[in-house]
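See structure below.
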Amino acid sequence: MTTIQPFEATDLLNLNNVNLDVLTENFPLEFYFEYLILWPELFFKSRELTKIQPNGDLEISGYMMGKTEGKGPEWHSHITAVTVAPEFRRISLASSLCNALETITDNQPHSVNFIDLFVKCDNNLAIKLYEKLGYSVFRRVVGYYNSAEDNYPNTLTKIQDDKDAFDMRKGMKRDAGRSTRSDGRKQRCFPHDVKF
Amino acid sequence: MSARGDDIIELINAGSFKRALQLTSKMVNQFPTMTYAKILEQYVKFRQNKKKYSFNKGLQPLLEAMSPPSDTRSLELLHDFLIELGMFEKALDVYATAMQKYPTFELGYNWFSKALQDLNFKHMSQAAFRLPRFSSEPRMLKFWHAVSVVALLKSQSEPLSKLERRVHAETAYKSVVALKPFESDQETIVFCHLCELWPDKSQEIVDELLPALLQGSTSSSVDLYLKNFLIKHLRTVDDSANMFNSCCKFLEYFDDFEVLKELIRSGQATGRTESELKLLLQSRDSRNHRLAHLEIDSVYSGRISDDSLAHYLERFHNKPCCVADILHYGGVLTAVQVRTVFDSLPAGLIHDCNRCKLGENGKWSDGLRDPLPAPSVKEYEILLAKYQSTLDSKPKTDYSACSHFVLKIVESLVQDDKLTQANALTAVSLLEGYQTKDPHNYDTRVWLIVLYCYLGAPAIAYDHYAELKIKNVQHDVLDHLLASRVATVFPDKQHPYVRQLLEGDRLYESADNLPQFIRVAFERRSYSKIFGMLELNDRLNRSSMRWLKISERLQLARVVNDKRGDQLRKLHESWRQLQMCEVTASTAATAPGTTDAAPAASVLSDNRDFDVVGGMRVTCTDVLRYIDVGNAQILDACVREMMWEMVALGERDQDVDAYLAARDAVADSDRDGDSDEPSGHVTPTDAWAWSVVRHLYERGCDDGTAIAALIEAAPPVRPTGWQLVHDYVGRLATLKTLDNTRRIKDQLARRAIKAQLRSSRDACHALFDEYIAMLEASRPNAQLLAEFGFRDCTAKVVAGVRSSFRTACNL
């Protein structure tokens, strides 16, 4: 039983069931505050009405951190993080959070042209999830997940599924199909090309 | 001029008071009308001798003789000076007075910012109230005022009279209503918060929000706060027709069970039938919508049909969320019903695990548990054996439900009435074996940390802790797993974990910048998030973990003979912050020149997550005892360190005196049965260390006979586990500090200290050898381990204990 609720700064103290997952990033306070301040409507959580914590709060089962950026036709919302606690996986909760972001940013005052996100090229499970939600690969960002030791990519010819990201997009009606490319997987760009 | 002031402050902080006084006198002579120089001169005198400094004879006459300071530098110095004097309200009053006399935007803004930094919402609202007339953006500043008033009335209203509360609320409300129509959802949210300050403004909220929702197109906005406000207040005004329509609209936007519940209730109230509602639910096929069938049955008939239950379970019987969902409806389901439908579905790992959990926790409407009983330990063993092979084929990122079976077996071994060393070693071995197969599982890893700490091998616990990749704010809620009693169970300052502790914590340094972020939130008009940010800032300031680490760091410095000056200075600064929290939130008013606010245990915000250990928190209290450090204990430990500081100086400290008096008063009322505040697990060594330092602090260092008697009364070192290290190091910490206390001159006392130190150190090897021999002689359940192919980890535990031993015997 999930309800979608605004994310509060104090929720950061109650995320262990979600954030103890080693693949979920734990950002510095300043980063979370930046999102709370700049995009207050786009940071929200799912709470479980059937799971009450000993302190009386409803358990947080997942959350979404989003933002808006770009100009003109590039004006869009971006999924920075969407994550779900292990106990509430495989029940379409991440989809529900993505749909909520779509609803909010397709409406005023955001009215974005498209939503985008980055996903590792080898994360087939996530890619399938996003495709099911209507996202498609717009381009491949070569070396997006490079570590400091990997250095910045200097060519687009060398691709690595565990280092590259797919820039996946879902266009809203007003985008008139500009964010959908049938050959998106073949289109390549550098990480600096995806800065807005 | 500014540089000269900074130089003087630097001299003060370095303890060069004479030079600082010379420079301030020179500055005062050179600029006789300069307010800043005069205040600085007083400040130097205060810092030179806080005990002798008299506010009534020093700063007060100065303030009365001159016109109120209004320059930023003087105000800041005066504010900080008054805070150090413990006059927290007065510290912000200086801004109010200045604003009265020389009203400018800059002054008002500084007042607002300083009040925000002090988390004083009364002053924030007063400052914000004055600001609009000096600004080119009065609209925004009126919302600042409104937000501050809401914060004040929701969390710091206790010191206000009924009339004051009404005046604050009415002023803010009228000012915001005059700004209609609102220009953003953020403004509307503030309006709704203001309306909620009254019991009868629900209809106003509904009237503001409903038209925009029902108009419903992409030209309107969708905001989660406004969704909540509308639903809450439609419920309050009992407007079922509009509630139903609103819920239908919201369900087009979100898959939200709270909305579904209201849809069902308002549907019933407006005469809709169950089937009409179930038809509506067909718009989506999700967990929420399937659960809504159960909700409809529950609301309409008080019982859930087999069809609705089957409709939900057919898709979710093998999802982990199923247990929480079904248990929620336990009051309208029977055990037989659940078992029958559940057992008609195909078995599998998660299905079987869910069935176990339903048996463990089920409370059904017929009051029966027999049809769906809690499994026996043997059954968990069978299930683990049955599904163990799935661990080899699952992706590493998946969490296996097998962890539940393992933890239930572990629980059967280490619950309070079963706990033995052999069982603890079996449990560790089981968990280690399991963890290699399900490496990302944190439920099991947390228990490895707990058990290694319990057995006295924190260095190995740390290896597992590092695997959890704890970062940033997680430190505040999880570090207690390792940081509790760290100074006495893990006093290895070269160890990465302890080094990190010693270097301070970046989290709390970041938290100190939060007021600046909150100010940005005001400026960016992100009003909805400000209340949460204010609360987080407050909770991190008062965090139990923050204070626990302060005390542990100081104790560790004593254990390893490190300098403590900087840490003690920070402790006193932080202590004042704690006093300020106590004063701001209560009616307490401090008399000029005194600091009589002694923080009570309740002032700490306990953000530590004790539930991370799951349901075993209740059944396995002995194993978890080492993390049972109560808030009163944490404050005691901080005061203990202050007392050691004062004992060395041969002085008394008014903060310590106030704390001890308040503590005694609480202890008296406890004796009268008036208080049930838990105190945590105070070990005999903790209690003894406290009694020693308190004696020295209150009675001085001259009575050698009494001191020697206290030393003789040291409790024996307990023979096993974390208690062994804790008792040994705790005893040594006290004895070493006594030995370094030059003020103890009595030969009888000195001899007793040396003798006790010597005999304690001499006993160290034997104590640890004996414990290690006990561990090695323990017989973990080899048959159980063999059943799952897991190795006996006794040798690993012993290695961990030896590592603790090496650290302890070098002290």
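By convention in this document, the chains of the structure tokens carry letters A, B, ... by their order, each chain's residues are numbered from 1, and ligands are numbered from 1 in the order they are shown.
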query = Could you write out as a list in words the residues of chain A within 6 Å of chain B, counting only C-alpha atoms?
reply = Met1, Thr2, Thr3, Pro6, Glu8, Ala9, Thr10, Pro28, Ile37, Thr50, Lys51, Glu87, Phe88, Ala100, Ile104, Asn107 and Gln108 of chain A
Dump of all heavy atoms for the selected residues, as a compact mmCIF listing (two decimals), in the first residue's frame:
# COMPACT_ATOMS: atom_id res chain seq x y z
N MET A 1 0.85 -1.20 0.00
CA MET A 1 0.00 0.00 0.00
C MET A 1 0.87 1.22 0.00
O MET A 1 1.45 1.57 1.01
CB MET A 1 -0.77 0.05 1.31
CG MET A 1 -1.99 -0.76 1.34
SD MET A 1 -2.74 -0.44 2.90
CE MET A 1 -3.97 -1.68 2.89
N THR A 2 0.95 1.84 -1.15
CA THR A 2 1.90 2.93 -1.27
C THR A 2 1.21 4.26 -1.43
O THR A 2 0.22 4.36 -2.16
CB THR A 2 2.79 2.69 -2.49
OG1 THR A 2 3.38 1.40 -2.36
CG2 THR A 2 3.86 3.72 -2.62
N THR A 3 1.74 5.25 -0.78
CA THR A 3 1.28 6.61 -1.04
C THR A 3 2.50 7.44 -1.45
O THR A 3 3.59 7.23 -0.93
CB THR A 3 0.56 7.21 0.20
OG1 THR A 3 0.27 8.58 -0.06
CG2 THR A 3 1.38 7.13 1.46
N PRO A 6 5.64 14.08 -0.44
CA PRO A 6 6.82 14.93 -0.60
C PRO A 6 7.96 14.43 0.28
O PRO A 6 7.72 13.91 1.37
CB PRO A 6 6.34 16.31 -0.10
CG PRO A 6 4.86 16.24 -0.06
CD PRO A 6 4.48 14.81 0.13
N GLU A 8 10.95 15.07 2.74
CA GLU A 8 11.37 16.11 3.70
C GLU A 8 12.83 15.88 4.08
O GLU A 8 13.29 14.74 4.08
CB GLU A 8 10.51 16.05 4.97
CG GLU A 8 9.02 16.22 4.75
CD GLU A 8 8.63 17.61 4.24
OE1 GLU A 8 9.49 18.53 4.27
OE2 GLU A 8 7.50 17.77 3.80
N ALA A 9 13.49 16.95 4.47
CA ALA A 9 14.90 16.82 4.86
C ALA A 9 15.07 15.78 5.98
O ALA A 9 16.05 15.02 6.00
CB ALA A 9 15.45 18.17 5.30
N THR A 10 14.12 15.72 6.88
CA THR A 10 14.24 14.78 8.01
C THR A 10 14.14 13.31 7.56
O THR A 10 14.57 12.42 8.28
CB THR A 10 13.13 15.04 9.05
OG1 THR A 10 11.91 15.25 8.35
CG2 THR A 10 13.45 16.25 9.90
N PRO A 28 26.27 13.73 0.00
CA PRO A 28 26.44 14.67 1.12
C PRO A 28 25.15 15.48 1.33
O PRO A 28 24.37 15.66 0.39
CB PRO A 28 27.57 15.59 0.65
CG PRO A 28 28.23 14.89 -0.47
CD PRO A 28 27.21 14.01 -1.10
N ILE A 37 15.90 22.50 -2.38
CA ILE A 37 15.72 23.94 -2.54
C ILE A 37 15.38 24.31 -3.98
O ILE A 37 14.47 25.11 -4.22
CB ILE A 37 17.01 24.69 -2.10
CG1 ILE A 37 17.21 24.57 -0.58
CG2 ILE A 37 16.94 26.16 -2.50
CD1 ILE A 37 18.59 25.01 -0.12
N THR A 50 1.04 0.10 5.06
CA THR A 50 0.92 -1.17 5.80
C THR A 50 2.14 -1.43 6.68
O THR A 50 2.19 -2.43 7.37
CB THR A 50 0.77 -2.35 4.82
OG1 THR A 50 1.70 -2.17 3.77
CG2 THR A 50 -0.61 -2.45 4.30
N LYS A 51 3.10 -0.53 6.65
CA LYS A 51 4.32 -0.81 7.42
C LYS A 51 4.62 0.38 8.33
O LYS A 51 5.12 1.41 7.86
CB LYS A 51 5.47 -1.09 6.44
CG LYS A 51 6.66 -1.71 7.08
CD LYS A 51 6.97 -3.11 6.55
CE LYS A 51 7.93 -3.86 7.44
NZ LYS A 51 9.31 -3.84 6.99
N GLU A 87 12.63 -4.80 0.09
CA GLU A 87 11.35 -5.41 0.46
C GLU A 87 10.22 -5.01 -0.49
O GLU A 87 9.19 -5.68 -0.55
CB GLU A 87 10.99 -5.03 1.91
CG GLU A 87 9.80 -5.81 2.43
CD GLU A 87 9.44 -5.45 3.85
OE1 GLU A 87 10.16 -4.64 4.48
OE2 GLU A 87 8.42 -5.97 4.34
N PHE A 88 10.42 -3.91 -1.22
CA PHE A 88 9.33 -3.42 -2.07
C PHE A 88 9.72 -3.41 -3.55
O PHE A 88 9.19 -2.63 -4.32
CB PHE A 88 8.88 -2.05 -1.58
CG PHE A 88 8.34 -2.12 -0.18
CD1 PHE A 88 9.13 -1.80 0.91
CD2 PHE A 88 7.06 -2.57 0.05
CE1 PHE A 88 8.65 -1.91 2.21
CE2 PHE A 88 6.57 -2.70 1.34
CZ PHE A 88 7.36 -2.36 2.43
N ALA A 100 4.97 9.40 -11.48
CA ALA A 100 4.62 10.59 -10.69
C ALA A 100 5.45 11.78 -11.16
O ALA A 100 4.93 12.90 -11.31
CB ALA A 100 4.83 10.32 -9.21
N ILE A 104 3.97 15.27 -12.75
CA ILE A 104 4.24 16.60 -12.16
C ILE A 104 4.92 17.50 -13.19
O ILE A 104 4.56 18.67 -13.33
CB ILE A 104 5.12 16.44 -10.89
CG1 ILE A 104 4.32 15.72 -9.80
CG2 ILE A 104 5.57 17.80 -10.37
CD1 ILE A 104 5.15 15.27 -8.61
N ASN A 107 3.02 18.91 -16.27
CA ASN A 107 2.06 19.97 -15.96
C ASN A 107 2.77 21.27 -15.64
O ASN A 107 4.00 21.32 -15.55
CB ASN A 107 1.20 19.54 -14.76
CG ASN A 107 0.07 18.60 -15.17
OD1 ASN A 107 -1.00 19.03 -15.56
ND2 ASN A 107 0.35 17.31 -15.13
N GLN A 108 1.98 22.32 -15.44
CA GLN A 108 2.53 23.61 -15.04
C GLN A 108 3.14 23.50 -13.64
O GLN A 108 2.69 22.68 -12.87
CB GLN A 108 1.40 24.66 -14.98
CG GLN A 108 0.93 25.12 -16.34
CD GLN A 108 1.95 26.03 -17.01
OE1 GLN A 108 2.95 26.43 -16.41
NE2 GLN A 108 1.71 26.32 -18.27
message = Need the shell around region 631-648 of chain B: protein/DNA/RNA residues with any atom at most 7 Å away, counting only C-alpha atoms. Skip same-chain ones fewer than 2 positions apart. Format as a count of residues only?
response = 20
Name all residues at most 10 Å from Thr180 (chain A) (count only C-alpha atoms; drop same-chain ones fewer than 3 positions away) and give them as an mmCIF file with N, CA, C and O atoms, in the first residue's frame.
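What follows is the written file around38.cif:
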data_model
loop_
_atom_site.group_PDB
_atom_site.id
_atom_site.type_symbol
_atom_site.label_atom_id
_atom_site.label_comp_id
_atom_site.auth_asym_id
_atom_site.auth_seq_id
_atom_site.Cartn_x
_atom_site.Cartn_y
_atom_site.Cartn_z
ATOM 1 N N PHE A 114 10.634 16.815 -22.516
ATOM 2 C CA PHE A 114 10.917 15.384 -22.357
ATOM 3 C C PHE A 114 11.527 15.122 -20.974
ATOM 4 O O PHE A 114 11.876 16.066 -20.249
ATOM 5 N N TYR A 135 10.417 5.013 -22.318
ATOM 6 C CA TYR A 135 11.695 5.666 -22.608
ATOM 7 C C TYR A 135 12.395 4.902 -23.735
ATOM 8 O O TYR A 135 12.193 3.697 -23.888
ATOM 9 N N SER A 136 13.200 5.609 -24.493
ATOM 10 C CA SER A 136 14.014 4.921 -25.494
ATOM 11 C C SER A 136 15.405 5.537 -25.519
ATOM 12 O O SER A 136 15.594 6.668 -25.052
ATOM 13 N N VAL A 137 16.351 4.777 -26.053
ATOM 14 C CA VAL A 137 17.739 5.268 -26.045
ATOM 15 C C VAL A 137 17.872 6.404 -27.054
ATOM 16 O O VAL A 137 17.537 6.241 -28.243
ATOM 17 N N PHE A 138 18.361 7.537 -26.587
ATOM 18 C CA PHE A 138 18.523 8.706 -27.452
ATOM 19 C C PHE A 138 19.958 8.763 -27.973
ATOM 20 O O PHE A 138 20.206 9.123 -29.100
ATOM 21 N N ARG A 139 20.890 8.415 -27.089
ATOM 22 C CA ARG A 139 22.299 8.382 -27.489
ATOM 23 C C ARG A 139 23.114 7.631 -26.433
ATOM 24 O O ARG A 139 22.636 7.417 -25.318
ATOM 25 N N MET A 168 18.582 7.975 -21.944
ATOM 26 C CA MET A 168 17.240 7.525 -22.356
ATOM 27 C C MET A 168 16.253 8.669 -22.186
ATOM 28 O O MET A 168 16.324 9.407 -21.199
ATOM 29 N N ARG A 169 15.354 8.806 -23.134
ATOM 30 C CA ARG A 169 14.408 9.917 -23.073
ATOM 31 C C ARG A 169 12.977 9.453 -23.327
ATOM 32 O O ARG A 169 12.751 8.479 -24.053
ATOM 33 N N LYS A 170 12.098 10.209 -22.755
ATOM 34 C CA LYS A 170 10.675 9.996 -23.055
ATOM 35 C C LYS A 170 10.091 11.361 -23.390
ATOM 36 O O LYS A 170 10.158 12.283 -22.558
ATOM 37 N N GLY A 171 9.564 11.498 -24.569
ATOM 38 C CA GLY A 171 9.048 12.800 -24.975
ATOM 39 C C GLY A 171 7.623 13.013 -24.498
ATOM 40 O O GLY A 171 6.819 12.086 -24.470
ATOM 41 N N ASP A 175 6.698 17.779 -27.221
ATOM 42 C CA ASP A 175 8.033 17.542 -27.783
ATOM 43 C C ASP A 175 7.940 17.097 -29.255
ATOM 44 O O ASP A 175 8.925 17.175 -29.992
ATOM 45 N N ALA A 176 6.771 16.674 -29.632
ATOM 46 C CA ALA A 176 6.484 16.279 -31.009
ATOM 47 C C ALA A 176 7.511 15.286 -31.578
ATOM 48 O O ALA A 176 7.985 15.440 -32.708
ATOM 49 N N GLY A 177 7.903 14.327 -30.769
ATOM 50 C CA GLY A 177 8.750 13.227 -31.253
ATOM 51 C C GLY A 177 10.224 13.552 -31.400
ATOM 52 O O GLY A 177 11.004 12.707 -31.842
ATOM 53 N N ASP A 183 17.527 5.049 -34.085
ATOM 54 C CA ASP A 183 18.905 4.534 -34.071
ATOM 55 C C ASP A 183 19.708 5.106 -32.888
ATOM 56 O O ASP A 183 20.916 5.296 -32.979
ATOM 57 N N GLY A 184 19.003 5.381 -31.779
ATOM 58 C CA GLY A 184 19.650 6.022 -30.617
ATOM 59 C C GLY A 184 20.878 5.283 -30.117
ATOM 60 O O GLY A 184 21.862 5.892 -29.711
#
key: Distance in Å - CA of Gln555 (chain B) versus CA of Gly800 (chain B)   = 22.6 Å
ask   = So which residues of region 63-186 of chain A fall under alpha helix (DSSP H) by DSSP, listed as a VMD selection string?
value = chain A and resid 93 to 106 124 to 132
request  = Compile the contact shell of Glu164 (chain B) as an MDAnalysis selection string: residues with an atom at most 10 Å away, counting only C-alpha atoms, same-chain residues fewer than 6 positions apart removed.
outcome  = chainID B and resid 153 157 170
Given the selection you just returned, output its residues as a file containing C-alpha atoms, formatted as a CSV table (one decimal), in the first residue's frame.
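Final output, part_18.csv:
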chain,number,residue,atom,x,y,z
B,153,LEU,CA,3.7,28.2,16.5
B,157,SER,CA,5.0,28.0,21.0
B,170,GLU,CA,-3.6,36.6,12.8
